Amino acid sequence: MELAVGIKSIKEETVTEELTAETVGSGGLEVYATPCMIRLMEHAAWDSVEACMEDGNTTVGTLMDVKHVSASPLGAHIRCEAELAEIDGRRLVFKVAAYDDKGLIGEGTHERFIVNADKFIGKLK
């Protein structure tokens with residue numbers, strides 16, 4: 001598969017106790033936690049382009065700019081969508097959105113960079 005604007009991926013999950021703001025420490029209510037929504041958005045973006053990467057390359061997240069606009073209760077079905085909107089050299093920009101059973105719960109943009117995995121990890125050592 002070739003890297004191209006318009007590539008999409010969808011990831012889904014159900015809101016369980018482990019995914020609530022109260023459990024993850026981002027708030028005190030039993031509602032879908034913002035960090036969990038962001039994680040699922042990032043996973044969708046990563047997954048959408050991973051098969052397009054040359055051997056040894058992957059992408060890393062560098063920027064997330066999203067609004068969490070509606071709460072989702074325990075048991076809600078969450079669907080996150082990511083679409084590659086811009087390619088600027090190694091920088092990839094995605095439109096991301098999340099929905100529950102009632103509609104839109106979050107939206108924004110996410111940026112990732114293409115890196116060589118070995119070189120990236122090597123810099124950490």
# chains A, B, ... in the order shown; residues from 1 in each chain; ligands from 1
>>> closest_atom_pairs(of="segment 18-98 of chain A", to="segment 11-14 of chain A", cutoff="9 Å", atoms="only C-alpha atoms", output="JSON lines")
{"residue": "A:Leu19", "atom": "CA", "partner": "A:Thr14", "partner_atom": "CA", "distance": 8.6}
{"residue": "A:Leu40", "atom": "CA", "partner": "A:Lys11", "partner_atom": "CA", "distance": 6.6}
{"residue": "A:Met41", "atom": "CA", "partner": "A:Lys11", "partner_atom": "CA", "distance": 7.7}
{"residue": "A:His43", "atom": "CA", "partner": "A:Lys11", "partner_atom": "CA", "distance": 7.4}
{"residue": "A:Ala44", "atom": "CA", "partner": "A:Lys11", "partner_atom": "CA", "distance": 5.6}
{"residue": "A:Asp47", "atom": "CA", "partner": "A:Lys11", "partner_atom": "CA", "distance": 8.9}
{"residue": "A:Leu74", "atom": "CA", "partner": "A:Thr14", "partner_atom": "CA", "distance": 7.9}
{"residue": "A:Gly75", "atom": "CA", "partner": "A:Thr14", "partner_atom": "CA", "distance": 5.9}
{"residue": "A:Ala76", "atom": "CA", "partner": "A:Thr14", "partner_atom": "CA", "distance": 5.6}
{"residue": "A:His77", "atom": "CA", "partner": "A:Thr14", "partner_atom": "CA", "distance": 4.5}
{"residue": "A:Ile78", "atom": "CA", "partner": "A:Glu13", "partner_atom": "CA", "distance": 5.3}
{"residue": "A:Arg79", "atom": "CA", "partner": "A:Glu12", "partner_atom": "CA", "distance": 4.5}
{"residue": "A:Cys80", "atom": "CA", "partner": "A:Lys11", "partner_atom": "CA", "distance": 5.3}
{"residue": "A:Glu81", "atom": "CA", "partner": "A:Lys11", "partner_atom": "CA", "distance": 6.6}
{"residue": "A:Ala82", "atom": "CA", "partner": "A:Lys11", "partner_atom": "CA", "distance": 8.7}
>>> residues_around(residues="Ser72 of chain A", least_positions_apart="3", cutoff="12 Å", atoms="only C-alpha atoms", output="NGL selection string")
:A and (13-16 or 19-21 or 29-34 or 36-37 or 68-69 or 75-79 or 98-106)
>>> write_last_selection(atoms="C-alpha atoms", output="PDB file, in the first residue's frame")
ATOM      1  CA  GLU A  13     -14.092  -0.214  21.985  1.00  0.00           C
ATOM      2  CA  THR A  14     -16.782  -0.344  24.644  1.00  0.00           C
ATOM      3  CA  VAL A  15     -16.622   1.870  27.720  1.00  0.00           C
ATOM      4  CA  THR A  16     -15.749  -0.367  30.663  1.00  0.00           C
ATOM      5  CA  LEU A  19     -11.756   3.199  30.612  1.00  0.00           C
ATOM      6  CA  THR A  20     -13.508   5.695  32.896  1.00  0.00           C
ATOM      7  CA  ALA A  21     -12.135   9.028  34.051  1.00  0.00           C
ATOM      8  CA  LEU A  29     -16.887  10.366  37.137  1.00  0.00           C
ATOM      9  CA  GLU A  30     -17.730   7.011  35.587  1.00  0.00           C
ATOM     10  CA  VAL A  31     -17.632   8.320  32.015  1.00  0.00           C
ATOM     11  CA  TYR A  32     -15.307   7.585  29.087  1.00  0.00           C
ATOM     12  CA  ALA A  33     -11.956   9.165  29.921  1.00  0.00           C
ATOM     13  CA  THR A  34     -10.450  11.775  27.606  1.00  0.00           C
ATOM     14  CA  CYS A  36      -8.697   6.830  26.494  1.00  0.00           C
ATOM     15  CA  MET A  37     -10.393   8.652  23.620  1.00  0.00           C
ATOM     16  CA  HIS A  68     -13.823  16.098  23.982  1.00  0.00           C
ATOM     17  CA  VAL A  69     -17.288  17.517  23.374  1.00  0.00           C
ATOM     18  CA  GLY A  75     -21.392   0.414  28.166  1.00  0.00           C
ATOM     19  CA  ALA A  76     -21.277   2.960  25.325  1.00  0.00           C
ATOM     20  CA  HIS A  77     -19.790   1.790  22.021  1.00  0.00           C
ATOM     21  CA  ILE A  78     -16.953   4.115  20.922  1.00  0.00           C
ATOM     22  CA  ARG A  79     -15.760   4.428  17.314  1.00  0.00           C
ATOM     23  CA  ALA A  98     -14.737   9.869  17.930  1.00  0.00           C
ATOM     24  CA  TYR A  99     -18.376   8.854  18.177  1.00  0.00           C
ATOM     25  CA  ASP A 100     -20.553   6.986  20.642  1.00  0.00           C
ATOM     26  CA  ASP A 101     -24.056   5.586  20.171  1.00  0.00           C
ATOM     27  CA  LYS A 102     -25.544   9.106  20.205  1.00  0.00           C
ATOM     28  CA  GLY A 103     -23.070  10.894  17.898  1.00  0.00           C
ATOM     29  CA  LEU A 104     -19.867  12.930  17.914  1.00  0.00           C
ATOM     30  CA  ILE A 105     -17.947  12.958  21.216  1.00  0.00           C
ATOM     31  CA  GLY A 106     -14.557  14.298  20.109  1.00  0.00           C
TER      32      GLY A 106
END
>>> select_by_dssp(residues="chain A", states="alpha helix (DSSP H)", output="VMD selection string")
chain A and resid 21 to 24 34 to 50 117 to 124
>>> write_last_selection(atoms="N, CA and C atoms", output="PDB file, in the first residue's frame")
ATOM      1  N   ALA A  21     -12.960   7.945  33.494  1.00  0.00           N
ATOM      2  CA  ALA A  21     -12.135   9.028  34.051  1.00  0.00           C
ATOM      3  C   ALA A  21     -11.768   8.739  35.501  1.00  0.00           C
ATOM      4  N   GLU A  22     -12.710   8.195  36.238  1.00  0.00           N
ATOM      5  CA  GLU A  22     -12.457   7.877  37.646  1.00  0.00           C
ATOM      6  C   GLU A  22     -11.324   6.861  37.792  1.00  0.00           C
ATOM      7  N   THR A  23     -11.318   5.831  36.950  1.00  0.00           N
ATOM      8  CA  THR A  23     -10.304   4.774  37.050  1.00  0.00           C
ATOM      9  C   THR A  23      -8.936   5.234  36.556  1.00  0.00           C
ATOM     10  N   VAL A  24      -8.893   5.963  35.442  1.00  0.00           N
ATOM     11  CA  VAL A  24      -7.585   6.355  34.898  1.00  0.00           C
ATOM     12  C   VAL A  24      -7.013   7.596  35.568  1.00  0.00           C
ATOM     13  N   THR A  34     -11.083  11.074  28.724  1.00  0.00           N
ATOM     14  CA  THR A  34     -10.450  11.775  27.606  1.00  0.00           C
ATOM     15  C   THR A  34      -9.142  11.107  27.184  1.00  0.00           C
ATOM     16  N   PRO A  35      -8.258  10.710  28.129  1.00  0.00           N
ATOM     17  CA  PRO A  35      -7.023  10.040  27.687  1.00  0.00           C
ATOM     18  C   PRO A  35      -7.282   8.750  26.907  1.00  0.00           C
ATOM     19  N   CYS A  36      -8.362   8.054  27.223  1.00  0.00           N
ATOM     20  CA  CYS A  36      -8.697   6.830  26.494  1.00  0.00           C
ATOM     21  C   CYS A  36      -9.175   7.153  25.086  1.00  0.00           C
ATOM     22  N   MET A  37      -9.949   8.218  24.944  1.00  0.00           N
ATOM     23  CA  MET A  37     -10.393   8.652  23.620  1.00  0.00           C
ATOM     24  C   MET A  37      -9.173   9.035  22.767  1.00  0.00           C
ATOM     25  N   ILE A  38      -8.258   9.779  23.350  1.00  0.00           N
ATOM     26  CA  ILE A  38      -7.051  10.204  22.636  1.00  0.00           C
ATOM     27  C   ILE A  38      -6.210   8.993  22.239  1.00  0.00           C
ATOM     28  N   ARG A  39      -6.082   8.021  23.147  1.00  0.00           N
ATOM     29  CA  ARG A  39      -5.328   6.800  22.844  1.00  0.00           C
ATOM     30  C   ARG A  39      -5.931   6.080  21.644  1.00  0.00           C
ATOM     31  N   LEU A  40      -7.261   5.960  21.609  1.00  0.00           N
ATOM     32  CA  LEU A  40      -7.912   5.255  20.510  1.00  0.00           C
ATOM     33  C   LEU A  40      -7.773   6.032  19.198  1.00  0.00           C
ATOM     34  N   MET A  41      -7.844   7.357  19.257  1.00  0.00           N
ATOM     35  CA  MET A  41      -7.620   8.173  18.067  1.00  0.00           C
ATOM     36  C   MET A  41      -6.199   7.970  17.536  1.00  0.00           C
ATOM     37  N   GLU A  42      -5.237   7.992  18.447  1.00  0.00           N
ATOM     38  CA  GLU A  42      -3.842   7.812  18.044  1.00  0.00           C
ATOM     39  C   GLU A  42      -3.623   6.422  17.457  1.00  0.00           C
ATOM     40  N   HIS A  43      -4.241   5.423  18.067  1.00  0.00           N
ATOM     41  CA  HIS A  43      -4.117   4.061  17.547  1.00  0.00           C
ATOM     42  C   HIS A  43      -4.671   3.968  16.126  1.00  0.00           C
ATOM     43  N   ALA A  44      -5.810   4.601  15.883  1.00  0.00           N
ATOM     44  CA  ALA A  44      -6.392   4.587  14.536  1.00  0.00           C
ATOM     45  C   ALA A  44      -5.465   5.259  13.528  1.00  0.00           C
ATOM     46  N   ALA A  45      -4.875   6.395  13.913  1.00  0.00           N
ATOM     47  CA  ALA A  45      -3.959   7.097  13.009  1.00  0.00           C
ATOM     48  C   ALA A  45      -2.729   6.242  12.708  1.00  0.00           C
ATOM     49  N   TRP A  46      -2.115   5.701  13.757  1.00  0.00           N
ATOM     50  CA  TRP A  46      -0.932   4.850  13.578  1.00  0.00           C
ATOM     51  C   TRP A  46      -1.259   3.674  12.661  1.00  0.00           C
ATOM     52  N   ASP A  47      -2.375   2.999  12.947  1.00  0.00           N
ATOM     53  CA  ASP A  47      -2.766   1.818  12.195  1.00  0.00           C
ATOM     54  C   ASP A  47      -3.036   2.129  10.722  1.00  0.00           C
ATOM     55  N   SER A  48      -3.556   3.309  10.448  1.00  0.00           N
ATOM     56  CA  SER A  48      -3.922   3.646   9.071  1.00  0.00           C
ATOM     57  C   SER A  48      -2.728   3.683   8.128  1.00  0.00           C
ATOM     58  N   VAL A  49      -1.557   4.030   8.641  1.00  0.00           N
ATOM     59  CA  VAL A  49      -0.377   4.177   7.772  1.00  0.00           C
ATOM     60  C   VAL A  49       0.719   3.146   8.024  1.00  0.00           C
ATOM     61  N   GLU A  50       0.606   2.343   9.061  1.00  0.00           N
ATOM     62  CA  GLU A  50       1.698   1.422   9.409  1.00  0.00           C
ATOM     63  C   GLU A  50       2.043   0.479   8.260  1.00  0.00           C
ATOM     64  N   ALA A 117      12.902   3.117  13.177  1.00  0.00           N
ATOM     65  CA  ALA A 117      12.732   2.596  14.532  1.00  0.00           C
ATOM     66  C   ALA A 117      14.066   2.375  15.246  1.00  0.00           C
ATOM     67  N   ASP A 118      15.039   1.765  14.587  1.00  0.00           N
ATOM     68  CA  ASP A 118      16.330   1.488  15.227  1.00  0.00           C
ATOM     69  C   ASP A 118      17.062   2.772  15.591  1.00  0.00           C
ATOM     70  N   LYS A 119      17.086   3.739  14.680  1.00  0.00           N
ATOM     71  CA  LYS A 119      17.752   5.015  14.966  1.00  0.00           C
ATOM     72  C   LYS A 119      17.048   5.748  16.098  1.00  0.00           C
ATOM     73  N   PHE A 120      15.728   5.723  16.093  1.00  0.00           N
ATOM     74  CA  PHE A 120      14.948   6.406  17.131  1.00  0.00           C
ATOM     75  C   PHE A 120      15.247   5.813  18.510  1.00  0.00           C
ATOM     76  N   ILE A 121      15.201   4.495  18.614  1.00  0.00           N
ATOM     77  CA  ILE A 121      15.478   3.826  19.888  1.00  0.00           C
ATOM     78  C   ILE A 121      16.949   4.002  20.263  1.00  0.00           C
ATOM     79  N   GLY A 122      17.834   3.982  19.264  1.00  0.00           N
ATOM     80  CA  GLY A 122      19.266   4.158  19.517  1.00  0.00           C
ATOM     81  C   GLY A 122      19.583   5.489  20.174  1.00  0.00           C
ATOM     82  N   LYS A 123      18.850   6.525  19.825  1.00  0.00           N
ATOM     83  CA  LYS A 123      19.065   7.841  20.411  1.00  0.00           C
ATOM     84  C   LYS A 123      18.673   7.877  21.888  1.00  0.00           C
ATOM     85  N   LEU A 124      17.814   6.956  22.296  1.00  0.00           N
ATOM     86  CA  LEU A 124      17.368   6.913  23.687  1.00  0.00           C
ATOM     87  C   LEU A 124      18.386   6.247  24.607  1.00  0.00           C
TER      88      LEU A 124
END
>>> select_by_dssp(residues="chain A", states="strand (DSSP E or B)", output="ChimeraX atom specification")
/A:8-14,20,31-32,57-68,73,77-88,91-100,103-116
>>> residues_around(residues="Asp65 of chain A", least_positions_apart="2", cutoff="7 Å", atoms="only C-alpha atoms", output="PDB file with C-alpha atoms, in the first residue's frame")
ATOM      1  CA  LEU A  63       0.952  16.475  18.546  1.00  0.00           C
ATOM      2  CA  GLY A 108      -9.485  17.418  16.117  1.00  0.00           C
ATOM      3  CA  THR A 109      -6.103  16.800  14.526  1.00  0.00           C
ATOM      4  CA  HIS A 110      -3.183  14.520  15.256  1.00  0.00           C
TER       5      HIS A 110
END
>>> closest_residue(among="A:Ile114, A:Ala97, A:Leu92, A:Ile87", to="Ile10 of chain A", atoms="only C-alpha atoms")
A:Ala97
>>> atom_distance(atom1="atom CA of Lys125 of chain A", atom2="atom CA of Cys52 of chain A")
27.3 Å
>>> atom_distance(atom1="atom CA of Gly61 of chain A", atom2="atom CA of Glu111 of chain A")
6.0 Å
>>> decode(residues="segment 2-123 of chain A", atoms="C-alpha atoms", output="PDB file, in the first residue's frame")
ATOM      1  CA  GLU A   2       1.274   3.466  -0.865  1.00  0.00           C
ATOM      2  CA  LEU A   3       1.164   6.369   1.573  1.00  0.00           C
ATOM      3  CA  ALA A   4      -1.493   8.813   0.316  1.00  0.00           C
ATOM      4  CA  VAL A   5      -3.846  11.486   1.598  1.00  0.00           C
ATOM      5  CA  GLY A   6      -7.225   9.942   2.344  1.00  0.00           C
ATOM      6  CA  ILE A   7      -6.018   6.725   3.990  1.00  0.00           C
ATOM      7  CA  LYS A   8      -8.391   5.880   6.848  1.00  0.00           C
ATOM      8  CA  SER A   9      -8.672   3.580   9.831  1.00  0.00           C
ATOM      9  CA  ILE A  10     -11.367   2.951  12.421  1.00  0.00           C
ATOM     10  CA  LYS A  11     -10.845   1.565  15.927  1.00  0.00           C
ATOM     11  CA  GLU A  12     -13.612   0.654  18.332  1.00  0.00           C
ATOM     12  CA  GLU A  13     -14.092  -0.214  21.985  1.00  0.00           C
ATOM     13  CA  THR A  14     -16.782  -0.344  24.644  1.00  0.00           C
ATOM     14  CA  VAL A  15     -16.622   1.870  27.720  1.00  0.00           C
ATOM     15  CA  THR A  16     -15.749  -0.367  30.663  1.00  0.00           C
ATOM     16  CA  GLU A  17     -14.824   0.505  34.239  1.00  0.00           C
ATOM     17  CA  GLU A  18     -11.139   0.453  33.198  1.00  0.00           C
ATOM     18  CA  LEU A  19     -11.756   3.199  30.612  1.00  0.00           C
ATOM     19  CA  THR A  20     -13.508   5.695  32.896  1.00  0.00           C
ATOM     20  CA  ALA A  21     -12.135   9.028  34.051  1.00  0.00           C
ATOM     21  CA  GLU A  22     -12.457   7.877  37.646  1.00  0.00           C
ATOM     22  CA  THR A  23     -10.304   4.774  37.050  1.00  0.00           C
ATOM     23  CA  VAL A  24      -7.585   6.355  34.898  1.00  0.00           C
ATOM     24  CA  GLY A  25      -7.297   9.387  37.164  1.00  0.00           C
ATOM     25  CA  SER A  26      -8.418  12.082  34.746  1.00  0.00           C
ATOM     26  CA  GLY A  27     -11.568  12.931  36.689  1.00  0.00           C
ATOM     27  CA  GLY A  28     -14.006  11.653  39.253  1.00  0.00           C
ATOM     28  CA  LEU A  29     -16.887  10.366  37.137  1.00  0.00           C
ATOM     29  CA  GLU A  30     -17.730   7.011  35.587  1.00  0.00           C
ATOM     30  CA  VAL A  31     -17.632   8.320  32.015  1.00  0.00           C
ATOM     31  CA  TYR A  32     -15.307   7.585  29.087  1.00  0.00           C
ATOM     32  CA  ALA A  33     -11.956   9.165  29.921  1.00  0.00           C
ATOM     33  CA  THR A  34     -10.450  11.775  27.606  1.00  0.00           C
ATOM     34  CA  PRO A  35      -7.023  10.040  27.687  1.00  0.00           C
ATOM     35  CA  CYS A  36      -8.697   6.830  26.494  1.00  0.00           C
ATOM     36  CA  MET A  37     -10.393   8.652  23.620  1.00  0.00           C
ATOM     37  CA  ILE A  38      -7.051  10.204  22.636  1.00  0.00           C
ATOM     38  CA  ARG A  39      -5.328   6.800  22.844  1.00  0.00           C
ATOM     39  CA  LEU A  40      -7.912   5.255  20.510  1.00  0.00           C
ATOM     40  CA  MET A  41      -7.620   8.173  18.067  1.00  0.00           C
ATOM     41  CA  GLU A  42      -3.842   7.812  18.044  1.00  0.00           C
ATOM     42  CA  HIS A  43      -4.117   4.061  17.547  1.00  0.00           C
ATOM     43  CA  ALA A  44      -6.392   4.587  14.536  1.00  0.00           C
ATOM     44  CA  ALA A  45      -3.959   7.097  13.009  1.00  0.00           C
ATOM     45  CA  TRP A  46      -0.932   4.850  13.578  1.00  0.00           C
ATOM     46  CA  ASP A  47      -2.766   1.818  12.195  1.00  0.00           C
ATOM     47  CA  SER A  48      -3.922   3.646   9.071  1.00  0.00           C
ATOM     48  CA  VAL A  49      -0.377   4.177   7.772  1.00  0.00           C
ATOM     49  CA  GLU A  50       1.698   1.422   9.409  1.00  0.00           C
ATOM     50  CA  ALA A  51       1.315  -0.931   6.426  1.00  0.00           C
ATOM     51  CA  CYS A  52       2.660   1.857   4.168  1.00  0.00           C
ATOM     52  CA  MET A  53       5.943   2.211   6.044  1.00  0.00           C
ATOM     53  CA  GLU A  54       9.203   1.068   4.453  1.00  0.00           C
ATOM     54  CA  ASP A  55      11.032  -1.707   6.285  1.00  0.00           C
ATOM     55  CA  GLY A  56      12.451  -0.424   9.547  1.00  0.00           C
ATOM     56  CA  ASN A  57      10.249   2.679   9.648  1.00  0.00           C
ATOM     57  CA  THR A  58       7.263   3.488  11.830  1.00  0.00           C
ATOM     58  CA  THR A  59       5.489   6.628  12.996  1.00  0.00           C
ATOM     59  CA  VAL A  60       5.536   8.384  16.345  1.00  0.00           C
ATOM     60  CA  GLY A  61       2.938  10.765  17.689  1.00  0.00           C
ATOM     61  CA  THR A  62       4.098  14.353  18.212  1.00  0.00           C
ATOM     62  CA  LEU A  63       0.952  16.475  18.546  1.00  0.00           C
ATOM     63  CA  MET A  64      -2.670  15.949  19.537  1.00  0.00           C
ATOM     64  CA  ASP A  65      -5.167  18.816  19.327  1.00  0.00           C
ATOM     65  CA  VAL A  66      -8.648  17.547  20.127  1.00  0.00           C
ATOM     66  CA  LYS A  67     -11.827  18.569  21.898  1.00  0.00           C
ATOM     67  CA  HIS A  68     -13.823  16.098  23.982  1.00  0.00           C
ATOM     68  CA  VAL A  69     -17.288  17.517  23.374  1.00  0.00           C
ATOM     69  CA  SER A  70     -19.663  14.959  24.894  1.00  0.00           C
ATOM     70  CA  ALA A  71     -19.558  12.412  27.729  1.00  0.00           C
ATOM     71  CA  SER A  72     -20.121   8.683  27.152  1.00  0.00           C
ATOM     72  CA  PRO A  73     -21.437   6.378  29.901  1.00  0.00           C
ATOM     73  CA  LEU A  74     -20.397   2.867  30.885  1.00  0.00           C
ATOM     74  CA  GLY A  75     -21.392   0.414  28.166  1.00  0.00           C
ATOM     75  CA  ALA A  76     -21.277   2.960  25.325  1.00  0.00           C
ATOM     76  CA  HIS A  77     -19.790   1.790  22.021  1.00  0.00           C
ATOM     77  CA  ILE A  78     -16.953   4.115  20.922  1.00  0.00           C
ATOM     78  CA  ARG A  79     -15.760   4.428  17.314  1.00  0.00           C
ATOM     79  CA  CYS A  80     -12.664   6.483  16.496  1.00  0.00           C
ATOM     80  CA  GLU A  81     -11.804   7.412  12.929  1.00  0.00           C
ATOM     81  CA  ALA A  82      -8.517   8.755  11.588  1.00  0.00           C
ATOM     82  CA  GLU A  83      -7.949  10.054   8.068  1.00  0.00           C
ATOM     83  CA  LEU A  84      -4.593  11.146   6.679  1.00  0.00           C
ATOM     84  CA  ALA A  85      -5.174  14.763   5.652  1.00  0.00           C
ATOM     85  CA  GLU A  86      -1.658  16.032   4.872  1.00  0.00           C
ATOM     86  CA  ILE A  87       1.779  14.663   4.015  1.00  0.00           C
ATOM     87  CA  ASP A  88       4.680  17.076   4.500  1.00  0.00           C
ATOM     88  CA  GLY A  89       7.893  15.102   4.101  1.00  0.00           C
ATOM     89  CA  ARG A  90       8.099  12.901   7.199  1.00  0.00           C
ATOM     90  CA  ARG A  91       5.264  14.820   8.949  1.00  0.00           C
ATOM     91  CA  LEU A  92       1.785  13.325   8.689  1.00  0.00           C
ATOM     92  CA  VAL A  93      -1.357  15.186   9.785  1.00  0.00           C
ATOM     93  CA  PHE A  94      -4.598  13.332  10.510  1.00  0.00           C
ATOM     94  CA  LYS A  95      -8.192  14.414  11.015  1.00  0.00           C
ATOM     95  CA  VAL A  96      -9.507  12.426  13.975  1.00  0.00           C
ATOM     96  CA  ALA A  97     -13.025  12.025  15.323  1.00  0.00           C
ATOM     97  CA  ALA A  98     -14.737   9.869  17.930  1.00  0.00           C
ATOM     98  CA  TYR A  99     -18.376   8.854  18.177  1.00  0.00           C
ATOM     99  CA  ASP A 100     -20.553   6.986  20.642  1.00  0.00           C
ATOM    100  CA  ASP A 101     -24.056   5.586  20.171  1.00  0.00           C
ATOM    101  CA  LYS A 102     -25.544   9.106  20.205  1.00  0.00           C
ATOM    102  CA  GLY A 103     -23.070  10.894  17.898  1.00  0.00           C
ATOM    103  CA  LEU A 104     -19.867  12.930  17.914  1.00  0.00           C
ATOM    104  CA  ILE A 105     -17.947  12.958  21.216  1.00  0.00           C
ATOM    105  CA  GLY A 106     -14.557  14.298  20.109  1.00  0.00           C
ATOM    106  CA  GLU A 107     -12.683  15.726  17.140  1.00  0.00           C
ATOM    107  CA  GLY A 108      -9.485  17.418  16.117  1.00  0.00           C
ATOM    108  CA  THR A 109      -6.103  16.800  14.526  1.00  0.00           C
ATOM    109  CA  HIS A 110      -3.183  14.520  15.256  1.00  0.00           C
ATOM    110  CA  GLU A 111       0.377  14.766  13.954  1.00  0.00           C
ATOM    111  CA  ARG A 112       2.834  11.898  13.539  1.00  0.00           C
ATOM    112  CA  PHE A 113       6.375  11.718  12.167  1.00  0.00           C
ATOM    113  CA  ILE A 114       7.940   8.911  10.150  1.00  0.00           C
ATOM    114  CA  VAL A 115      11.074   7.630  11.883  1.00  0.00           C
ATOM    115  CA  ASN A 116      13.509   4.771  11.503  1.00  0.00           C
ATOM    116  CA  ALA A 117      12.732   2.596  14.532  1.00  0.00           C
ATOM    117  CA  ASP A 118      16.330   1.488  15.227  1.00  0.00           C
ATOM    118  CA  LYS A 119      17.752   5.015  14.966  1.00  0.00           C
ATOM    119  CA  PHE A 120      14.948   6.406  17.131  1.00  0.00           C
ATOM    120  CA  ILE A 121      15.478   3.826  19.888  1.00  0.00           C
ATOM    121  CA  GLY A 122      19.266   4.158  19.517  1.00  0.00           C
ATOM    122  CA  LYS A 123      19.065   7.841  20.411  1.00  0.00           C
TER     123      LYS A 123
END
